[in-house]
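**Q** This structure is in structure tokens; I'll ask about it shortly.
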Amino acid sequence: VPDGTMALVVDHKIRYVRTLEYRNVPAVVQVWIGAVKGASFDIHYLVQDPVTGEDCVKASSHLAFVDEATGRVQRLTPIQKDGLAPYRH
């Protein structure tokens with residue numbers, strides 16, 4: 001993100017599917033990029049039980065870049081879109 005640009009969480013959704021029991025083993029967390037639009041993109045998260053592999057939490061965040069000085073939303077550049085491409089699912 002260039003200087004003078006902020007990443008703004010426009011929307012965040014979280015769905016608890018089942019309880020994640022405490023274990024002395026780290027949970028499995030998958031993160032990927034979903035939709036990439038002209039001025040925003042989605043990040044998705046999946047938290048899984050490390051023992052059973054069952055889904056415990058599903059979440060997503062909708063982000064946009066905002067000019068710090070003006071507060072205006074900035075369009076994603078081709079370079080920014082290309083940077084997200086390897087993480088698209």
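Chain labels A, B, ... are given in the sequence in which chains occur in the structure tokens; within each chain residues are numbered consecutively from 1, and ligands are likewise numbered from 1 in the order shown.
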If you run DSSP on the backbone here, which positions in chain A get helix (DSSP H, G or I)? Please write them as a compact mmCIF listing (two decimals) with C-alpha atoms, in the first residue's frame.
**A**
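Output file selection.txt is given in full below:
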# COMPACT_ATOMS: atom_id res chain seq x y z
CA PRO A 78 -3.20 -3.24 -12.19
CA ILE A 79 -0.09 -3.83 -10.04
CA GLN A 80 -2.23 -4.21 -6.91
CA LYS A 81 -4.60 -6.59 -8.70
CA ASP A 82 -1.64 -8.63 -9.97
CA GLY A 83 -0.28 -8.77 -6.40
CA LEU A 84 -3.56 -10.31 -5.20
CA ALA A 85 -3.80 -12.83 -8.06
CA PRO A 86 -1.62 -15.61 -6.50
CA TYR A 87 -3.89 -15.67 -3.44
**Q** Excluding Leu8 in chain A and any residue of its chain fewer than 3 positions from it, enumerate the residues within 10 Å of it, using only C-alpha atoms, and give them as a list in words.
**A**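 Contacts, with the query itself left out: Thr5, Asp11, Ser40, Ser61, His62, Leu63, Ala64, Phe65, Val66 and Val73 of chain A.
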**Q** Quick one: everything within 9 Å of Gln48 in chain A, counting only C-alpha atoms, minus sequence neighbours fewer than 6 positions away in the same chain. Send it as a list of chain:residue names.
**A**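 Once the nearby chain positions are removed, what remains is A:Leu20, A:Ala27, A:Val28, A:Val29, A:Gln30, A:Glu54, A:Asp55, A:Cys56, A:Val57.
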**Q** Name the residues in contact with Ala39 in chain A at a cut-off of 6 Å, using only C-alpha atoms, excluding same-chain residues fewer than 2 positions from it; report them as a PyMOL selection string.
**A** chain A and resi 37+74-76
**Q** Store the residues picked out above in a file with N, CA, C and O atoms, as a compact mmCIF listing (two decimals), in the first residue's frame.
**A**
# COMPACT_ATOMS: atom_id res chain seq x y z
N LYS A 37 -12.60 -6.35 -7.20
CA LYS A 37 -13.39 -5.42 -8.01
C LYS A 37 -12.55 -4.18 -8.33
O LYS A 37 -11.38 -4.12 -7.99
N GLN A 74 -9.93 4.75 -3.50
CA GLN A 74 -9.03 4.68 -4.65
C GLN A 74 -9.28 3.38 -5.41
O GLN A 74 -9.50 2.34 -4.82
N ARG A 75 -9.21 3.46 -6.71
CA ARG A 75 -9.33 2.26 -7.53
C ARG A 75 -8.06 1.43 -7.38
O ARG A 75 -6.98 1.97 -7.16
N LEU A 76 -8.21 0.12 -7.46
CA LEU A 76 -7.05 -0.76 -7.42
C LEU A 76 -6.28 -0.62 -8.72
O LEU A 76 -6.88 -0.60 -9.80
**Q** By how many Å are CA of His89 in chain A and CA of Val1 in chain A apart?
**A** 21.6 Å
**Q** In Å, rounded to a single decimal, give me how far CA of Arg88 in chain A is from CA of Val36 in chain A.
**A**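 Between these atoms lies a distance of 8.7 Å.
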**Q** Hey, what's within 12 Å of Tyr22 in chain A if we count only C-alpha atoms and toss same-chain stuff fewer than 5 positions away? As a ChimeraX atom specification, please?
**A** /A:27,49-51
**Q** Just asking: which residues within chain A are strand (DSSP E or B) according to DSSP, as a ChimeraX atom specification?
**A** /A:5-16,28-36,40-48,55-67,73-74,88
**Q** At what distance in Å, to one decimal, does CA of Gly53 in chain A lie from CA of Arg23 in chain A?
**A**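 Atom-to-atom, CA of Arg23 in chain A and CA of Gly53 in chain A are spaced 13.3 Å apart.
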